[in-house]
Amino acid sequence: MLDITSLEKCFDTADGPVPVLRGVSLSVKEGDTLALTGESGSGKSTLLHLMAGLDDAQGGKITFEGQDLLSLSDADRAKVRRSRIGLVFQQFNLVPSLTVAQNLALQARLAGRHDPERVARLTDRLGLAGLEHRYPEQLSGGQQQRVAIGRTLVAGPRLVLADEPTGNLDEATGDAVMALMHELVTETGAALVMATHSRRLAEGFARRVHLRHGLLETR
């Protein structure tokens, strides 16, 4: 599904370019669950952003479902994200002026795959039944992250990228959210790649790799 070959990424600074990724290679198959660990500033988020086509690299290649992601235009990358790649972040990024139901349906509408029955089923699975008409500010952090996960999954992405999705939640709530995300991703058959600094959370994934000094180490 996803093949990354010799990926290189640098950031420009006043003292010159600073390498963040130094020839990273990685493959993700359909249905994989992969935890990407590393210290703060190790480049985990940078790698996820590149996988999602949100940034450009200085070298290497990213092939997603047969497409060279880095060679696509910004508009074509956006189309891929709308229909085939789902993103979940530490910041919930919900639209504050939309209700729970409207936030949940947003991604599916953008992908042209809105199905009210699917939204209703997912709302129930997410434990959000009865909260459909509330706004994000009326929800707890755990509830907001459940909405964010549901918004991502309702469009049926083939690859879900999650960047520290429980970073703003207490441990118990974070564990419950992660368990639910694993269940829902497994049911859809999508692959899940999550960046986390928590080795404890990483142990719940079938595969684990560690980013250190711009290179990946298998754990």
# chains A, B, ... in the order shown; residues from 1 in each chain; ligands from 1

$ residues_around --residues "segment 199-201 of chain A" --least-positions-apart "6" --cutoff "10 Å" --atoms "only C-alpha atoms" --output "number ranges by chain"
A: 35-38, 166, 174-175, 178-179, 208, 210

$ select_by_dssp --residues "segment 2-43 of chain A" --states "strand (DSSP E or B)" --output "VMD selection string"
chain A and resid 2 to 13 16 to 28 33 to 38

$ select_by_dssp --residues "chain A" --states "alpha helix (DSSP H)" --output "ChimeraX atom specification"
/A:44-51,74-83,100-111,116-125,141-153,171-188,199-202

$ residues_around --residues "segment 128-144 of chain A" --least-positions-apart "4" --cutoff "9 Å" --atoms "only C-alpha atoms" --output "ChimeraX atom specification"
/A:92,94-103,120,122-124,148-149,166,168-170,173-174,176-177

$ closest_residue --among "A:Leu106, A:Ala75, A:Ala190, A:Met51" --to "Gly150 of chain A" --atoms "only C-alpha atoms"
A:Leu106

$ closest_residue --among "A:Leu87, A:Gly214, A:Val193, A:Glu203" --to "Leu34 of chain A" --atoms "only C-alpha atoms"
A:Val193

$ atom_distance --atom1 "atom CA of Lys29 of chain A" --atom2 "atom CA of Ser45 of chain A"
20.2 Å

$ closest_residue --among "A:Glu217, A:Ser198, A:Leu211, A:Gly204" --to "Leu21 of chain A" --atoms "only C-alpha atoms"
A:Leu211

$ closest_residue --among "A:Asp74, A:Glu39, A:Asp32, A:Glu65" --to "Gly189 of chain A" --atoms "only C-alpha atoms"
A:Asp32

$ atom_distance --atom1 "atom CA of Arg151 of chain A" --atom2 "atom CA of Gly86 of chain A"
8.8 Å

$ closest_residue --among "A:Phe205, A:Ser6, A:Glu183, A:Arg146" --to "Gln90 of chain A" --atoms "only C-alpha atoms"
A:Arg146

$ residues_around --residues "Ile4 of chain A" --least-positions-apart "3" --cutoff "7 Å" --atoms "only C-alpha atoms" --output "mmCIF file with N, CA and C atoms, in the first residue's frame"
data_model
loop_
_atom_site.group_PDB
_atom_site.id
_atom_site.type_symbol
_atom_site.label_atom_id
_atom_site.label_comp_id
_atom_site.auth_asym_id
_atom_site.auth_seq_id
_atom_site.Cartn_x
_atom_site.Cartn_y
_atom_site.Cartn_z
ATOM 1 N N LEU A 7 14.067 8.218 1.995
ATOM 2 C CA LEU A 7 13.459 9.537 2.160
ATOM 3 C C LEU A 7 14.388 10.462 2.948
ATOM 4 N N SER A 25 13.542 4.375 4.944
ATOM 5 C CA SER A 25 12.819 3.432 4.086
ATOM 6 C C SER A 25 11.841 2.632 4.948
ATOM 7 N N LEU A 26 10.622 2.476 4.439
ATOM 8 C CA LEU A 26 9.571 1.839 5.229
ATOM 9 C C LEU A 26 8.457 1.377 4.302
ATOM 10 N N SER A 27 7.833 0.239 4.627
ATOM 11 C CA SER A 27 6.687 -0.252 3.864
ATOM 12 C C SER A 27 5.530 -0.513 4.807
ATOM 13 N N LYS A 61 11.559 8.667 -2.269
ATOM 14 C CA LYS A 61 10.294 8.438 -2.975
ATOM 15 C C LYS A 61 9.249 7.884 -2.015
ATOM 16 N N ILE A 62 8.006 8.324 -2.217
ATOM 17 C CA ILE A 62 6.864 7.778 -1.471
ATOM 18 C C ILE A 62 5.835 7.307 -2.487
ATOM 19 N N THR A 63 5.554 6.015 -2.490
ATOM 20 C CA THR A 63 4.560 5.452 -3.401
ATOM 21 C C THR A 63 3.369 4.983 -2.579
#

$ residues_around --residues "Pro157 of chain A" --least-positions-apart "6" --cutoff "12 Å" --atoms "only C-alpha atoms" --output "number ranges by chain"
A: 30-31, 52, 79-88, 107-108, 111, 113, 149-151, 184-185, 188-192

$ write_last_selection --atoms "C-alpha atoms" --output "PDB file, in the first residue's frame"
ATOM      1  CA  GLU A  30      -3.041  -3.181   3.911  1.00  0.00           C
ATOM      2  CA  GLY A  31      -4.363  -3.777   7.433  1.00  0.00           C
ATOM      3  CA  ALA A  52       0.153  12.415   3.923  1.00  0.00           C
ATOM      4  CA  LYS A  79      -7.685  14.705  -3.519  1.00  0.00           C
ATOM      5  CA  VAL A  80      -5.774  11.676  -2.209  1.00  0.00           C
ATOM      6  CA  ARG A  81      -6.160  12.908   1.380  1.00  0.00           C
ATOM      7  CA  ARG A  82      -9.875  13.545   0.942  1.00  0.00           C
ATOM      8  CA  SER A  83     -10.626  10.058  -0.337  1.00  0.00           C
ATOM      9  CA  ARG A  84      -7.872   7.609   0.692  1.00  0.00           C
ATOM     10  CA  ILE A  85      -5.739   8.939   3.550  1.00  0.00           C
ATOM     11  CA  GLY A  86      -7.231   9.856   6.925  1.00  0.00           C
ATOM     12  CA  LEU A  87      -5.511  12.115   9.458  1.00  0.00           C
ATOM     13  CA  VAL A  88      -5.941  12.253  13.242  1.00  0.00           C
ATOM     14  CA  GLN A 107     -14.891  14.326   5.537  1.00  0.00           C
ATOM     15  CA  ALA A 108     -17.328  11.921   3.889  1.00  0.00           C
ATOM     16  CA  ALA A 111     -14.826  12.590  -0.395  1.00  0.00           C
ATOM     17  CA  ARG A 113     -19.134   9.282   0.052  1.00  0.00           C
ATOM     18  CA  ILE A 149     -11.544   9.799  14.758  1.00  0.00           C
ATOM     19  CA  GLY A 150     -15.058   9.248  13.464  1.00  0.00           C
ATOM     20  CA  ARG A 151     -14.746  12.118  11.001  1.00  0.00           C
ATOM     21  CA  LEU A 184     -12.758   0.655  14.081  1.00  0.00           C
ATOM     22  CA  VAL A 185      -9.644   0.592  11.906  1.00  0.00           C
ATOM     23  CA  THR A 188     -12.597  -1.176   7.948  1.00  0.00           C
ATOM     24  CA  GLY A 189      -9.431  -3.031   6.909  1.00  0.00           C
ATOM     25  CA  ALA A 190      -7.437   0.200   6.797  1.00  0.00           C
ATOM     26  CA  ALA A 191      -3.783   0.433   7.768  1.00  0.00           C
ATOM     27  CA  LEU A 192      -2.907   2.528  10.828  1.00  0.00           C
TER      28      LEU A 192
END

$ decode --residues "segment 17-57 of chain A" --atoms "N, CA and C atoms" --output "compact mmCIF listing (two decimals), in the first residue's frame"
# COMPACT_ATOMS: atom_id res chain seq x y z
N PRO A 17 21.11 24.17 6.37
CA PRO A 17 20.13 23.09 6.44
C PRO A 17 20.41 22.11 7.57
N VAL A 18 19.33 21.71 8.26
CA VAL A 18 19.44 20.72 9.34
C VAL A 18 18.71 19.46 8.91
N PRO A 19 19.42 18.33 8.77
CA PRO A 19 18.76 17.10 8.34
C PRO A 19 17.87 16.53 9.44
N VAL A 20 16.67 16.11 9.06
CA VAL A 20 15.74 15.50 10.00
C VAL A 20 15.55 14.02 9.66
N LEU A 21 15.39 13.70 8.40
CA LEU A 21 15.29 12.32 7.94
C LEU A 21 16.47 12.04 7.02
N ARG A 22 17.17 10.94 7.29
CA ARG A 22 18.41 10.63 6.57
C ARG A 22 18.29 9.31 5.82
N GLY A 23 17.47 9.26 4.80
CA GLY A 23 17.36 8.03 4.02
C GLY A 23 16.45 7.01 4.64
N VAL A 24 15.27 7.43 5.08
CA VAL A 24 14.31 6.54 5.73
C VAL A 24 13.61 5.66 4.69
N SER A 25 13.54 4.37 4.94
CA SER A 25 12.82 3.43 4.09
C SER A 25 11.84 2.63 4.95
N LEU A 26 10.62 2.48 4.44
CA LEU A 26 9.57 1.84 5.23
C LEU A 26 8.46 1.38 4.30
N SER A 27 7.83 0.24 4.63
CA SER A 27 6.69 -0.25 3.86
C SER A 27 5.53 -0.51 4.81
N VAL A 28 4.33 -0.20 4.35
CA VAL A 28 3.11 -0.45 5.10
C VAL A 28 2.15 -1.21 4.21
N LYS A 29 1.67 -2.36 4.71
CA LYS A 29 0.74 -3.17 3.94
C LYS A 29 -0.70 -2.93 4.39
N GLU A 30 -1.64 -3.34 3.57
CA GLU A 30 -3.04 -3.18 3.91
C GLU A 30 -3.35 -3.89 5.23
N GLY A 31 -4.00 -3.19 6.14
CA GLY A 31 -4.36 -3.78 7.43
C GLY A 31 -3.28 -3.72 8.48
N ASP A 32 -2.10 -3.20 8.13
CA ASP A 32 -1.00 -3.08 9.10
C ASP A 32 -1.37 -2.11 10.23
N THR A 33 -0.82 -2.37 11.42
CA THR A 33 -0.83 -1.37 12.49
C THR A 33 0.63 -1.16 12.87
N LEU A 34 1.08 0.07 12.73
CA LEU A 34 2.50 0.39 12.91
C LEU A 34 2.64 1.58 13.85
N ALA A 35 3.42 1.42 14.92
CA ALA A 35 3.71 2.50 15.84
C ALA A 35 5.08 3.08 15.51
N LEU A 36 5.12 4.40 15.39
CA LEU A 36 6.37 5.10 15.11
C LEU A 36 6.76 5.86 16.37
N THR A 37 7.83 5.41 17.03
CA THR A 37 8.26 6.03 18.27
C THR A 37 9.52 6.85 18.05
N GLY A 38 9.84 7.66 19.05
CA GLY A 38 11.03 8.49 18.96
C GLY A 38 10.93 9.64 19.94
N GLU A 39 12.06 10.21 20.27
CA GLU A 39 12.08 11.33 21.20
C GLU A 39 11.42 12.54 20.56
N SER A 40 11.03 13.50 21.39
CA SER A 40 10.47 14.75 20.88
C SER A 40 11.49 15.41 19.96
N GLY A 41 11.03 15.84 18.79
CA GLY A 41 11.93 16.46 17.82
C GLY A 41 12.68 15.48 16.94
N SER A 42 12.34 14.20 17.04
CA SER A 42 13.07 13.19 16.26
C SER A 42 12.61 13.12 14.80
N GLY A 43 11.50 13.80 14.48
CA GLY A 43 11.04 13.79 13.09
C GLY A 43 9.82 12.94 12.84
N LYS A 44 9.17 12.46 13.90
CA LYS A 44 7.99 11.61 13.73
C LYS A 44 6.88 12.34 12.97
N SER A 45 6.58 13.56 13.42
CA SER A 45 5.53 14.32 12.76
C SER A 45 5.91 14.67 11.33
N THR A 46 7.17 14.98 11.12
CA THR A 46 7.65 15.28 9.76
C THR A 46 7.42 14.10 8.84
N LEU A 47 7.73 12.90 9.31
CA LEU A 47 7.54 11.71 8.50
C LEU A 47 6.07 11.48 8.19
N LEU A 48 5.20 11.66 9.19
CA LEU A 48 3.76 11.50 8.94
C LEU A 48 3.25 12.53 7.94
N HIS A 49 3.71 13.75 8.06
CA HIS A 49 3.28 14.80 7.13
C HIS A 49 3.71 14.47 5.70
N LEU A 50 4.88 13.89 5.55
CA LEU A 50 5.33 13.48 4.22
C LEU A 50 4.48 12.33 3.69
N MET A 51 4.14 11.37 4.56
CA MET A 51 3.28 10.27 4.15
C MET A 51 1.92 10.78 3.66
N ALA A 52 1.46 11.87 4.27
CA ALA A 52 0.15 12.41 3.92
C ALA A 52 0.21 13.38 2.74
N GLY A 53 1.41 13.63 2.24
CA GLY A 53 1.53 14.57 1.14
C GLY A 53 1.36 16.01 1.56
N LEU A 54 1.62 16.30 2.84
CA LEU A 54 1.48 17.67 3.34
C LEU A 54 2.78 18.47 3.22
N ASP A 55 3.85 17.80 2.83
CA ASP A 55 5.15 18.45 2.76
C ASP A 55 5.96 17.81 1.64
N ASP A 56 7.05 18.46 1.24
CA ASP A 56 7.94 17.94 0.22
C ASP A 56 9.25 17.48 0.84
N ALA A 57 9.90 16.53 0.19
CA ALA A 57 11.18 16.02 0.67
C ALA A 57 12.29 16.48 -0.27
